[in-house]
file structure-v2.cif (mmCIF, C-alpha atoms, pLDDT in the B column; chains and numbers go by the auth columns)
data_input
loop_
_atom_site.group_PDB
_atom_site.id
_atom_site.type_symbol
_atom_site.label_atom_id
_atom_site.label_comp_id
_atom_site.label_asym_id
_atom_site.label_seq_id
_atom_site.Cartn_x
_atom_site.Cartn_y
_atom_site.Cartn_z
_atom_site.B_iso_or_equiv
_atom_site.auth_seq_id
_atom_site.auth_asym_id
ATOM 1 C CA VAL A 1 0.000 0.000 0.000 40.00 1 Y
ATOM 2 C CA THR A 2 1.537 3.359 -0.994 40.00 2 Y
ATOM 3 C CA SER A 3 0.366 6.742 0.294 36.00 3 Y
ATOM 4 C CA VAL A 4 0.224 9.434 -2.400 39.00 4 Y
ATOM 5 C CA SER A 5 -0.916 12.713 -0.798 42.00 5 Y
ATOM 6 C CA ASN A 6 -2.002 12.573 2.839 43.00 6 Y
ATOM 7 C CA PRO A 7 0.787 13.194 5.383 44.00 7 Y
ATOM 8 C CA SER A 8 -0.603 10.541 7.683 48.00 8 Y
ATOM 9 C CA ILE A 9 -3.121 7.849 6.775 48.00 9 Y
ATOM 10 C CA THR A 10 -4.285 4.500 8.076 48.00 10 Y
ATOM 11 C CA ALA A 11 -3.770 1.686 5.607 48.00 11 Y
ATOM 12 C CA SER A 12 -5.888 -1.437 5.859 49.00 12 Y
ATOM 13 C CA CYS A 13 -6.727 -4.486 3.806 48.00 13 Y
ATOM 14 C CA THR A 14 -9.496 -7.008 3.386 47.00 14 Y
ATOM 15 C CA VAL A 15 -8.905 -10.634 2.455 45.00 15 Y
ATOM 16 C CA ASN A 16 -11.347 -12.875 0.615 47.00 16 Y
ATOM 17 C CA VAL A 17 -10.855 -16.524 -0.286 45.00 17 Y
ATOM 18 C CA THR A 18 -13.020 -17.955 -3.043 46.00 18 Y
ATOM 19 C CA SER A 19 -13.123 -21.241 -4.895 46.00 19 Y
ATOM 20 C CA ASP A 20 -15.049 -22.699 -7.818 48.00 20 Y
ATOM 21 C CA PHE A 21 -14.016 -26.263 -6.916 49.00 21 Y
ATOM 22 C CA GLU A 22 -16.826 -28.567 -5.790 56.00 22 Y
ATOM 23 C CA ALA A 23 -15.356 -31.325 -3.624 58.00 23 Y
ATOM 24 C CA PRO A 24 -16.877 -34.806 -4.039 67.00 24 Y
ATOM 25 C CA ALA A 25 -18.899 -35.891 -1.019 77.00 25 Y
ATOM 26 C CA SER A 26 -17.536 -38.515 1.395 86.00 26 Y
ATOM 27 C CA SER A 27 -18.598 -41.919 0.095 89.00 27 Y
ATOM 28 C CA TRP A 28 -17.527 -45.432 -0.892 90.00 28 Y
ATOM 29 C CA VAL A 29 -16.136 -45.050 -4.391 90.00 29 Y
ATOM 30 C CA LEU A 30 -15.678 -48.824 -4.421 91.00 30 Y
ATOM 31 C CA PRO A 31 -18.309 -50.271 -2.049 91.00 31 Y
ATOM 32 C CA TRP A 32 -17.824 -53.019 0.535 87.00 32 Y
ATOM 33 C CA GLY A 33 -19.579 -56.228 -0.375 83.00 33 Y
ATOM 34 C CA LYS A 34 -21.192 -56.203 3.064 79.00 34 Y
ATOM 35 C CA ASP A 35 -23.036 -53.052 1.926 83.00 35 Y
ATOM 36 C CA GLU A 36 -23.425 -53.706 -1.783 86.00 36 Y
ATOM 37 C CA ALA A 37 -22.690 -56.764 -3.905 86.00 37 Y
ATOM 38 C CA TRP A 38 -20.044 -56.118 -6.543 86.00 38 Y
ATOM 39 C CA ASN A 39 -18.768 -57.839 -9.674 91.00 39 Y
ATOM 40 C CA MET A 40 -15.181 -58.451 -10.741 92.00 40 Y
ATOM 41 C CA GLN A 41 -13.269 -60.348 -13.394 93.00 41 Y
ATOM 42 C CA TYR A 42 -11.155 -63.292 -12.242 91.00 42 Y
ATOM 43 C CA LEU A 43 -8.734 -66.032 -13.172 91.00 43 Y
ATOM 44 C CA TYR A 44 -8.485 -69.130 -10.944 90.00 44 Y
ATOM 45 C CA PHE A 45 -5.348 -71.237 -10.448 91.00 45 Y
ATOM 46 C CA GLU A 46 -4.124 -74.142 -8.393 90.00 46 Y
ATOM 47 C CA GLN A 47 -1.127 -72.695 -6.547 82.00 47 Y
ATOM 48 C CA SER A 48 1.162 -75.387 -7.892 81.00 48 Y
ATOM 49 C CA SER A 49 0.369 -74.307 -11.460 82.00 49 Y
ATOM 50 C CA TYR A 50 0.077 -70.533 -10.943 84.00 50 Y
ATOM 51 C CA LYS A 51 1.603 -68.308 -13.590 82.00 51 Y
ATOM 52 C CA GLU A 52 1.106 -64.554 -13.616 82.00 52 Y
ATOM 53 C CA PRO A 53 -1.240 -63.638 -16.495 84.00 53 Y
ATOM 54 C CA THR A 54 0.594 -62.582 -19.625 78.00 54 Y
ATOM 55 C CA LYS A 55 0.228 -59.126 -21.086 77.00 55 Y
ATOM 56 C CA GLY A 56 -2.786 -58.502 -23.252 74.00 56 Y
ATOM 57 C CA SER A 57 -2.729 -57.950 -26.994 69.00 57 Y
ATOM 58 C CA ASN A 58 -2.314 -54.202 -26.428 73.00 58 Y
ATOM 59 C CA GLY A 59 0.735 -54.735 -24.191 73.00 59 Y
ATOM 60 C CA LYS A 60 -1.067 -53.803 -20.967 83.00 60 Y
ATOM 61 C CA ASN A 61 -0.301 -55.689 -17.752 90.00 61 Y
ATOM 62 C CA TRP A 62 -3.244 -57.380 -16.002 93.00 62 Y
ATOM 63 C CA LYS A 63 -2.851 -54.891 -13.110 94.00 63 Y
ATOM 64 C CA GLN A 64 -3.330 -51.860 -15.359 93.00 64 Y
ATOM 65 C CA VAL A 65 -6.234 -49.926 -16.823 93.00 65 Y
ATOM 66 C CA GLY A 66 -6.892 -50.949 -20.398 90.00 66 Y
ATOM 67 C CA TYR A 67 -5.900 -54.602 -20.043 92.00 67 Y
ATOM 68 C CA ASP A 68 -8.252 -56.797 -22.052 89.00 68 Y
ATOM 69 C CA ASP A 69 -9.955 -59.057 -19.502 90.00 69 Y
ATOM 70 C CA THR A 70 -12.924 -60.012 -21.682 90.00 70 Y
ATOM 71 C CA SER A 71 -11.792 -63.656 -21.645 90.00 71 Y
ATOM 72 C CA TRP A 72 -11.823 -63.731 -17.809 93.00 72 Y
ATOM 73 C CA SER A 73 -14.770 -65.062 -15.845 93.00 73 Y
ATOM 74 C CA THR A 74 -17.028 -62.872 -13.662 95.00 74 Y
ATOM 75 C CA LEU A 75 -18.004 -63.399 -10.023 93.00 75 Y
ATOM 76 C CA THR A 76 -20.074 -61.444 -7.532 92.00 76 Y
ATOM 77 C CA GLY A 77 -18.318 -60.628 -4.259 88.00 77 Y
ATOM 78 C CA PRO A 78 -17.660 -60.901 -1.428 89.00 78 Y
ATOM 79 C CA MET A 79 -16.205 -64.391 -1.738 87.00 79 Y
ATOM 80 C CA GLY A 80 -15.821 -66.948 1.068 85.00 80 Y
ATOM 81 C CA SER A 81 -15.569 -70.641 1.829 85.00 81 Y
ATOM 82 C CA SER A 82 -18.678 -72.475 2.963 81.00 82 Y
ATOM 83 C CA GLY A 83 -19.586 -71.803 6.586 75.00 83 Y
ATOM 84 C CA ILE A 84 -17.124 -68.981 7.220 75.00 84 Y
ATOM 85 C CA ALA A 85 -18.496 -66.525 9.766 66.00 85 Y
ATOM 86 C CA TYR A 86 -16.657 -63.303 8.874 68.00 86 Y
ATOM 87 C CA ALA A 87 -19.411 -61.625 6.897 68.00 87 Y
ATOM 88 C CA PRO A 88 -21.958 -62.363 4.166 76.00 88 Y
ATOM 89 C CA TYR A 89 -20.547 -63.672 0.896 84.00 89 Y
ATOM 90 C CA ASN A 90 -21.944 -64.334 -2.560 87.00 90 Y
ATOM 91 C CA TYR A 91 -19.276 -66.444 -4.248 88.00 91 Y
ATOM 92 C CA VAL A 92 -18.433 -69.777 -2.590 88.00 92 Y
ATOM 93 C CA TRP A 93 -14.674 -70.264 -2.541 87.00 93 Y
ATOM 94 C CA LYS A 94 -14.001 -74.006 -2.828 88.00 94 Y
ATOM 95 C CA GLY A 95 -10.894 -76.085 -2.276 85.00 95 Y
ATOM 96 C CA THR A 96 -7.457 -75.421 -0.772 86.00 96 Y
ATOM 97 C CA ASN A 97 -4.019 -74.415 -2.049 88.00 97 Y
ATOM 98 C CA ASN A 98 -5.401 -72.254 -4.825 88.00 98 Y
ATOM 99 C CA CYS A 99 -5.327 -68.598 -5.820 89.00 99 Y
ATOM 100 C CA PHE A 100 -7.108 -65.899 -7.817 91.00 100 Y
ATOM 101 C CA CYS A 101 -6.155 -62.921 -9.925 92.00 101 Y
ATOM 102 C CA LEU A 102 -8.958 -60.365 -9.653 94.00 102 Y
ATOM 103 C CA ARG A 103 -9.783 -57.122 -11.477 95.00 103 Y
ATOM 104 C CA ARG A 104 -12.420 -54.638 -10.365 95.00 104 Y
ATOM 105 C CA THR A 105 -12.941 -51.453 -12.358 94.00 105 Y
ATOM 106 C CA PHE A 106 -14.575 -48.201 -11.266 94.00 106 Y
ATOM 107 C CA VAL A 107 -15.043 -44.682 -12.624 94.00 107 Y
ATOM 108 C CA LEU A 108 -14.131 -41.408 -10.896 93.00 108 Y
ATOM 109 C CA PRO A 109 -15.797 -38.286 -12.343 90.00 109 Y
ATOM 110 C CA ALA A 110 -13.000 -36.316 -10.625 88.00 110 Y
ATOM 111 C CA VAL A 111 -10.172 -37.010 -8.195 89.00 111 Y
ATOM 112 C CA GLY A 112 -10.993 -35.248 -4.938 86.00 112 Y
ATOM 113 C CA LEU A 113 -8.627 -33.318 -2.677 83.00 113 Y
ATOM 114 C CA GLY A 114 -9.579 -35.496 0.306 88.00 114 Y
ATOM 115 C CA ASN A 115 -8.303 -38.857 1.505 92.00 115 Y
ATOM 116 C CA TYR A 116 -8.784 -42.212 -0.236 95.00 116 Y
ATOM 117 C CA THR A 117 -8.387 -45.377 1.870 96.00 117 Y
ATOM 118 C CA PHE A 118 -8.308 -49.006 0.744 95.00 118 Y
ATOM 119 C CA HIS A 119 -10.064 -51.308 3.249 94.00 119 Y
ATOM 120 C CA ILE A 120 -9.823 -55.108 3.013 90.00 120 Y
ATOM 121 C CA ILE A 121 -10.559 -58.322 4.931 87.00 121 Y
ATOM 122 C CA HIS A 122 -8.777 -61.337 3.477 84.00 122 Y
ATOM 123 C CA ASP A 123 -7.918 -64.989 4.092 80.00 123 Y
ATOM 124 C CA ASP A 124 -5.153 -65.791 3.124 80.00 124 Y
ATOM 125 C CA GLY A 125 -2.423 -63.454 1.786 85.00 125 Y
ATOM 126 C CA ILE A 126 -2.892 -60.675 -0.775 89.00 126 Y
ATOM 127 C CA VAL A 127 -1.070 -58.199 -2.976 93.00 127 Y
ATOM 128 C CA ALA A 128 -3.176 -55.251 -4.214 95.00 128 Y
ATOM 129 C CA TYR A 129 -2.497 -52.855 -7.080 96.00 129 Y
ATOM 130 C CA LEU A 130 -4.226 -49.635 -8.102 97.00 130 Y
ATOM 131 C CA ASN A 131 -3.771 -48.756 -11.768 96.00 131 Y
ATOM 132 C CA GLY A 132 -0.666 -50.925 -11.865 94.00 132 Y
ATOM 133 C CA GLU A 133 0.968 -49.568 -8.670 95.00 133 Y
ATOM 134 C CA GLN A 134 1.192 -51.727 -5.547 95.00 134 Y
ATOM 135 C CA ILE A 135 -0.774 -50.250 -2.628 95.00 135 Y
ATOM 136 C CA ALA A 136 -0.928 -53.182 -0.178 93.00 136 Y
ATOM 137 C CA GLN A 137 0.635 -56.526 0.672 91.00 137 Y
ATOM 138 C CA TYR A 138 -0.024 -58.871 3.566 87.00 138 Y
ATOM 139 C CA ASP A 139 1.132 -62.468 3.513 80.00 139 Y
ATOM 140 C CA ASP A 140 -1.259 -63.936 6.087 78.00 140 Y
ATOM 141 C CA TRP A 141 -4.957 -63.959 6.873 77.00 141 Y
ATOM 142 C CA THR A 142 -6.612 -61.121 8.837 75.00 142 Y
ATOM 143 C CA GLN A 143 -9.482 -63.102 10.415 71.00 143 Y
ATOM 144 C CA GLU A 144 -12.258 -60.508 10.908 72.00 144 Y
ATOM 145 C CA GLN A 145 -9.864 -57.571 11.214 79.00 145 Y
ATOM 146 C CA THR A 146 -10.092 -54.874 8.550 85.00 146 Y
ATOM 147 C CA MET A 147 -6.751 -53.774 7.123 88.00 147 Y
ATOM 148 C CA SER A 148 -6.616 -50.162 5.917 91.00 148 Y
ATOM 149 C CA TYR A 149 -4.123 -48.530 3.556 94.00 149 Y
ATOM 150 C CA GLU A 150 -3.966 -44.877 2.530 95.00 150 Y
ATOM 151 C CA ILE A 151 -3.939 -44.329 -1.236 95.00 151 Y
ATOM 152 C CA PRO A 152 -1.858 -41.475 -2.697 94.00 152 Y
ATOM 153 C CA ASN A 153 -4.250 -39.288 -4.686 93.00 153 Y
ATOM 154 C CA GLU A 154 -1.847 -39.156 -7.614 94.00 154 Y
ATOM 155 C CA LEU A 155 -2.430 -42.880 -8.254 96.00 155 Y
ATOM 156 C CA LEU A 156 -6.090 -42.228 -9.057 96.00 156 Y
ATOM 157 C CA ILE A 157 -7.305 -41.124 -12.482 94.00 157 Y
ATOM 158 C CA THR A 158 -10.282 -39.091 -13.605 94.00 158 Y
ATOM 159 C CA GLY A 159 -12.251 -41.692 -15.560 95.00 159 Y
ATOM 160 C CA ASP A 160 -11.526 -45.433 -15.546 96.00 160 Y
ATOM 161 C CA ASN A 161 -9.528 -46.987 -12.680 96.00 161 Y
ATOM 162 C CA VAL A 162 -8.768 -50.627 -11.851 96.00 162 Y
ATOM 163 C CA LEU A 163 -8.040 -52.316 -8.534 96.00 163 Y
ATOM 164 C CA ALA A 164 -6.247 -55.619 -9.148 95.00 164 Y
ATOM 165 C CA ILE A 165 -5.662 -58.221 -6.419 94.00 165 Y
ATOM 166 C CA TYR A 166 -3.711 -61.457 -6.204 93.00 166 Y
ATOM 167 C CA ILE A 167 -4.992 -63.618 -3.325 91.00 167 Y
ATOM 168 C CA LYS A 168 -3.924 -67.102 -2.305 89.00 168 Y
ATOM 169 C CA GLN A 169 -5.586 -69.758 -0.165 86.00 169 Y
ATOM 170 C CA GLY A 170 -3.795 -72.436 1.837 81.00 170 Y
ATOM 171 C CA GLU A 171 -5.777 -74.595 4.251 82.00 171 Y
ATOM 172 C CA GLY A 172 -8.938 -73.863 6.241 80.00 172 Y
ATOM 173 C CA GLY A 173 -11.319 -70.970 5.607 82.00 173 Y
ATOM 174 C CA ALA A 174 -11.072 -68.456 2.799 86.00 174 Y
ATOM 175 C CA TYR A 175 -12.546 -64.967 2.461 86.00 175 Y
ATOM 176 C CA LEU A 176 -12.247 -61.664 0.583 89.00 176 Y
ATOM 177 C CA ASP A 177 -14.115 -58.368 0.821 91.00 177 Y
ATOM 178 C CA TYR A 178 -12.724 -54.921 0.098 93.00 178 Y
ATOM 179 C CA GLY A 179 -13.535 -51.377 -0.962 94.00 179 Y
ATOM 180 C CA ILE A 180 -12.202 -47.836 -1.269 95.00 180 Y
ATOM 181 C CA TYR A 181 -13.604 -45.005 0.857 94.00 181 Y
ATOM 182 C CA TYR A 182 -13.232 -41.307 0.064 94.00 182 Y
ATOM 183 C CA GLU A 183 -13.224 -38.813 2.943 90.00 183 Y
ATOM 184 C CA SER A 184 -13.955 -35.323 1.659 87.00 184 Y
ATOM 185 C CA LEU A 185 -12.121 -32.246 2.923 75.00 185 Y
ATOM 186 C CA GLU A 186 -14.406 -29.306 3.410 58.00 186 Y
ATOM 187 C CA PRO A 187 -12.931 -26.015 2.192 54.00 187 Y
ATOM 188 C CA VAL A 188 -11.191 -24.776 5.345 46.00 188 Y
ATOM 189 C CA THR A 189 -9.482 -21.413 5.246 47.00 189 Y
ATOM 190 C CA ASP A 190 -6.660 -20.439 7.566 47.00 190 Y
ATOM 191 C CA LEU A 191 -5.523 -16.840 7.105 46.00 191 Y
ATOM 192 C CA ALA A 192 -2.561 -15.148 8.767 49.00 192 Y
ATOM 193 C CA LEU A 193 -1.953 -11.430 8.197 48.00 193 Y
ATOM 194 C CA SER A 194 1.348 -9.871 9.191 48.00 194 Y
ATOM 195 C CA LEU A 195 -0.310 -6.412 9.351 49.00 195 Y
ATOM 196 C CA THR A 196 -3.960 -5.470 9.260 49.00 196 Y
ATOM 197 C CA GLU A 197 -3.764 -1.763 10.179 53.00 197 Y
ATOM 198 C CA VAL A 198 -0.855 0.649 10.305 57.00 198 Y
ATOM 199 C CA SER A 199 -0.132 4.398 10.080 61.00 199 Y
ATOM 200 C CA ILE A 200 2.349 5.635 7.477 60.00 200 Y
ATOM 201 C CA GLU A 201 3.729 9.011 6.417 60.00 201 Y
ATOM 202 C CA GLY A 202 3.138 10.583 3.026 60.00 202 Y
ATOM 203 C CA GLY A 203 5.225 8.987 0.295 61.00 203 Y
ATOM 204 C CA GLU A 204 6.118 5.895 2.349 63.00 204 Y
ATOM 205 C CA THR A 205 5.508 2.356 1.221 65.00 205 Y
ATOM 206 C CA ILE A 206 4.591 -0.534 3.502 63.00 206 Y
ATOM 207 C CA LYS A 207 4.279 -4.219 2.809 64.00 207 Y
ATOM 208 C CA LEU A 208 1.321 -6.288 3.958 62.00 208 Y
ATOM 209 C CA GLU A 209 1.589 -10.062 3.676 61.00 209 Y
ATOM 210 C CA ALA A 210 -1.196 -12.658 3.818 58.00 210 Y
ATOM 211 C CA THR A 211 -0.682 -16.408 4.035 55.00 211 Y
ATOM 212 C CA VAL A 212 -3.525 -18.619 2.867 52.00 212 Y
ATOM 213 C CA ASN A 213 -3.670 -22.313 3.741 49.00 213 Y
ATOM 214 C CA SER A 214 -6.809 -23.801 2.278 48.00 214 Y
ATOM 215 C CA SER A 215 -8.186 -26.928 0.682 46.00 215 Y
ATOM 216 C CA ALA A 216 -9.963 -24.647 -1.779 45.00 216 Y
ATOM 217 C CA LYS A 217 -8.636 -24.751 -5.306 46.00 217 Y
ATOM 218 C CA ASP A 218 -6.990 -21.553 -6.557 51.00 218 Y
ATOM 219 C CA PRO A 219 -7.805 -19.293 -3.561 51.00 219 Y
ATOM 220 C CA SER A 220 -7.741 -15.585 -4.356 55.00 220 Y
ATOM 221 C CA ILE A 221 -6.601 -12.701 -2.143 58.00 221 Y
ATOM 222 C CA VAL A 222 -8.142 -9.257 -2.662 60.00 222 Y
ATOM 223 C CA TRP A 223 -6.366 -6.193 -1.234 61.00 223 Y
ATOM 224 C CA SER A 224 -8.213 -2.890 -1.056 62.00 224 Y
ATOM 225 C CA VAL A 225 -8.142 0.625 0.438 61.00 225 Y
ATOM 226 C CA GLU A 226 -11.053 2.809 1.469 61.00 226 Y
ATOM 227 C CA ASP A 227 -9.985 5.795 -0.684 61.00 227 Y
ATOM 228 C CA PRO A 228 -7.956 5.026 -3.829 62.00 228 Y
ATOM 229 C CA ASP A 229 -7.179 8.769 -4.250 62.00 229 Y
ATOM 230 C CA ILE A 230 -5.172 8.686 -1.036 59.00 230 Y
ATOM 231 C CA ALA A 231 -3.519 5.292 -1.281 61.00 231 Y
ATOM 232 C CA LYS A 232 -3.074 2.661 -3.937 63.00 232 Y
ATOM 233 C CA VAL A 233 -2.409 -1.087 -3.882 63.00 233 Y
ATOM 234 C CA THR A 234 0.223 -2.886 -5.879 65.00 234 Y
ATOM 235 C CA GLU A 235 -0.051 -6.669 -5.706 62.00 235 Y
ATOM 236 C CA SER A 236 2.878 -9.016 -6.176 58.00 236 Y
#

call {"tool": "encode", "arguments": {"input": "structure-v2.cif", "output": "structure tokens"}}
result
Amino acid sequence: VTSVSNPSITASCTVNVTSDFEAPASSWVLPWGKDEAWNMQYLYFEQSSYKEPTKGSNGKNWKQVGYDDTSWSTLTGPMGSSGIAYAPYNYVWKGTNNCFCLRRTFVLPAVGLGNYTFHIIHDDGIVAYLNGEQIAQYDDWTQEQTMSYEIPNELLITGDNVLAIYIKQGEGGAYLDYGIYYESLEPVTDLALSLTEVSIEGGETIKLEATVNSSAKDPSIVWSVEDPDIAKVTES
């Protein structure tokens, strides 16, 4: 703020933070099977004969978006062995010493600024991949305990996404249910002004600084004076 004529004035500023970003609401972007049955593509193997699926005709890995899984079978989850008491299941997992490769696709209209968390109950061990990047690995069963893993937002894509899982079964019971939950961040503004009001002499220049920490996208700061004929604002 620079004074231009008055020998002594009071300089002040106002700060406004605005945003045109509409944050997605908190929700399951990939629902739990306990809340909503879900479909996925799968390949089944005996563990002794397991071989990781080869790349598709377009060169995509089975863990990536765009892999051609049209030749895979479809099941409705959750999946569990007969009589297991963890939670409801739709697909009956039979036998022992076997394994599955699983692909479950979902669409995000936009990637939010909030937190995405991968939740899973499994029996036995799993390795999970989001859009080709590993996000979880646990080599044993979890019983009824839910395992949770934070997902870096940069792994998600606006549009098609795929969550791919390798899961193996040894002896005893078998189970799998999982989902991704999004926790929205409300636009929260935290403003810190180094000076809000100060007296200056004619011809002097002072510097006012504002720090904005906000989940809003592209926050704007507006500086102003009551009488532009007395003082003017130069923003930098």

call {"tool": "residues_around", "arguments": {"input": "structure-v2.cif", "residues": "range 23-32 of chain Y", "least_positions_apart": "3", "cutoff": "12 Å", "atoms": "only C-alpha atoms", "output": "PyMOL selection string"}}
result
chain Y and resi 19-20+35-40+76-79+87-89+104-121+146+156+161-163+176-188+215-217

call {"tool": "atom_distance", "arguments": {"input": "structure-v2.cif", "atom1": "CA of Asp123 in chain Y", "atom2": "CA of Lys63 in chain Y"}}
result
20.6 Å

call {"tool": "atom_distance", "arguments": {"input": "structure-v2.cif", "atom1": "CA of Asn131 in chain Y", "atom2": "CA of Tyr50 in chain Y"}}
result
22.1 Å

call {"tool": "resolve_selection", "arguments": {"input": "structure-v2.cif", "expression": "the PyMOL selection byres ((chain Y and resi 137-145) around 8)", "output": "ChimeraX atom specification"}}
result
/Y:86,121-128,134-136,146-147

call {"tool": "atom_distance", "arguments": {"input": "structure-v2.cif", "atom1": "CA of Glu150 in chain Y", "atom2": "CA of Leu43 in chain Y"}}
result
26.8 Å

call {"tool": "residues_around", "arguments": {"input": "structure-v2.cif", "residues": "Gly170 in chain Y", "least_positions_apart": "3", "cutoff": "12 Å", "atoms": "only C-alpha atoms", "output": "list of chain:residue names"}}
result
Y:Glu46, Y:Gln47, Y:Ser48, Y:Ser81, Y:Trp93, Y:Lys94, Y:Gly95, Y:Thr96, Y:Asn97, Y:Asn98, Y:Cys99, Y:Asp123, Y:Asp124, Y:Gly125, Y:Asp139, Y:Asp140, Y:Trp141, Y:Ile167, Y:Gly173, Y:Ala174, Y:Tyr175

call {"tool": "closest_residue", "arguments": {"input": "structure-v2.cif", "among": "Y:Ile157, Y:Gly33, Y:Gln169, Y:Gln41", "to": "Trp62 in chain Y", "atoms": "all atoms listed in the file"}}
result
Y:Gln41

call {"tool": "closest_residue", "arguments": {"input": "structure-v2.cif", "among": "Y:Val65, Y:Val92, Y:Cys101, Y:Ile151", "to": "Lys51 in chain Y", "atoms": "all atoms listed in the file"}}
result
Y:Cys101

call {"tool": "closest_residue", "arguments": {"input": "structure-v2.cif", "among": "Y:Thr74, Y:Asn61, Y:Thr54, Y:Ser148", "to": "Leu102 in chain Y", "atoms": "only C-alpha atoms"}}
result
Y:Thr74

call {"tool": "build_atoms", "arguments": {"input": "structure-v2.cif", "residues": "range 173-179 of chain Y", "atoms": "all heavy atoms", "output": "PDB file, in the frame of the given file"}}
result
ATOM      1  N   GLY Y 173     -10.365 -71.895   6.207  1.00 82.00           N
ATOM      2  CA  GLY Y 173     -11.319 -70.970   5.607  1.00 82.00           C
ATOM      3  C   GLY Y 173     -10.672 -70.022   4.619  1.00 82.00           C
ATOM      4  O   GLY Y 173      -9.456 -69.843   4.577  1.00 82.00           O
ATOM      5  N   ALA Y 174     -11.523 -69.426   3.800  1.00 86.00           N
ATOM      6  CA  ALA Y 174     -11.072 -68.456   2.799  1.00 86.00           C
ATOM      7  C   ALA Y 174     -12.101 -67.331   2.730  1.00 86.00           C
ATOM      8  O   ALA Y 174     -13.308 -67.568   2.857  1.00 86.00           O
ATOM      9  CB  ALA Y 174     -10.919 -69.113   1.432  1.00 86.00           C
ATOM     10  N   TYR Y 175     -11.608 -66.093   2.512  1.00 86.00           N
ATOM     11  CA  TYR Y 175     -12.546 -64.967   2.461  1.00 86.00           C
ATOM     12  C   TYR Y 175     -11.892 -63.766   1.789  1.00 86.00           C
ATOM     13  O   TYR Y 175     -10.672 -63.572   1.861  1.00 86.00           O
ATOM     14  CB  TYR Y 175     -13.002 -64.552   3.866  1.00 86.00           C
ATOM     15  CG  TYR Y 175     -14.154 -63.574   3.845  1.00 86.00           C
ATOM     16  CD1 TYR Y 175     -15.435 -64.013   3.547  1.00 86.00           C
ATOM     17  CD2 TYR Y 175     -13.948 -62.218   4.058  1.00 86.00           C
ATOM     18  CE1 TYR Y 175     -16.498 -63.126   3.489  1.00 86.00           C
ATOM     19  CE2 TYR Y 175     -15.004 -61.321   4.013  1.00 86.00           C
ATOM     20  CZ  TYR Y 175     -16.282 -61.780   3.721  1.00 86.00           C
ATOM     21  OH  TYR Y 175     -17.321 -60.898   3.653  1.00 86.00           O
ATOM     22  N   LEU Y 176     -12.711 -62.937   1.140  1.00 89.00           N
ATOM     23  CA  LEU Y 176     -12.247 -61.664   0.583  1.00 89.00           C
ATOM     24  C   LEU Y 176     -13.411 -60.688   0.457  1.00 89.00           C
ATOM     25  O   LEU Y 176     -14.435 -60.998  -0.140  1.00 89.00           O
ATOM     26  CB  LEU Y 176     -11.613 -61.859  -0.802  1.00 89.00           C
ATOM     27  CG  LEU Y 176     -11.143 -60.565  -1.487  1.00 89.00           C
ATOM     28  CD1 LEU Y 176      -9.995 -59.921  -0.716  1.00 89.00           C
ATOM     29  CD2 LEU Y 176     -10.737 -60.826  -2.932  1.00 89.00           C
ATOM     30  N   ASP Y 177     -13.223 -59.506   1.041  1.00 91.00           N
ATOM     31  CA  ASP Y 177     -14.115 -58.368   0.821  1.00 91.00           C
ATOM     32  C   ASP Y 177     -13.257 -57.115   0.917  1.00 91.00           C
ATOM     33  O   ASP Y 177     -12.339 -57.040   1.745  1.00 91.00           O
ATOM     34  CB  ASP Y 177     -15.243 -58.324   1.850  1.00 91.00           C
ATOM     35  CG  ASP Y 177     -16.320 -57.305   1.488  1.00 91.00           C
ATOM     36  OD1 ASP Y 177     -16.313 -56.800   0.349  1.00 91.00           O
ATOM     37  OD2 ASP Y 177     -17.171 -57.005   2.357  1.00 91.00           O
ATOM     38  N   TYR Y 178     -13.548 -56.124   0.089  1.00 93.00           N
ATOM     39  CA  TYR Y 178     -12.724 -54.921   0.098  1.00 93.00           C
ATOM     40  C   TYR Y 178     -13.467 -53.766  -0.554  1.00 93.00           C
ATOM     41  O   TYR Y 178     -14.479 -53.951  -1.237  1.00 93.00           O
ATOM     42  CB  TYR Y 178     -11.392 -55.160  -0.630  1.00 93.00           C
ATOM     43  CG  TYR Y 178     -11.516 -55.514  -2.093  1.00 93.00           C
ATOM     44  CD1 TYR Y 178     -11.442 -54.532  -3.082  1.00 93.00           C
ATOM     45  CD2 TYR Y 178     -11.718 -56.832  -2.503  1.00 93.00           C
ATOM     46  CE1 TYR Y 178     -11.548 -54.850  -4.414  1.00 93.00           C
ATOM     47  CE2 TYR Y 178     -11.822 -57.159  -3.840  1.00 93.00           C
ATOM     48  CZ  TYR Y 178     -11.739 -56.159  -4.792  1.00 93.00           C
ATOM     49  OH  TYR Y 178     -11.855 -56.488  -6.118  1.00 93.00           O
ATOM     50  N   GLY Y 179     -12.965 -52.565  -0.347  1.00 94.00           N
ATOM     51  CA  GLY Y 179     -13.535 -51.377  -0.962  1.00 94.00           C
ATOM     52  C   GLY Y 179     -12.609 -50.193  -0.771  1.00 94.00           C
ATOM     53  O   GLY Y 179     -11.597 -50.272  -0.074  1.00 94.00           O
TER      54      GLY Y 179
END
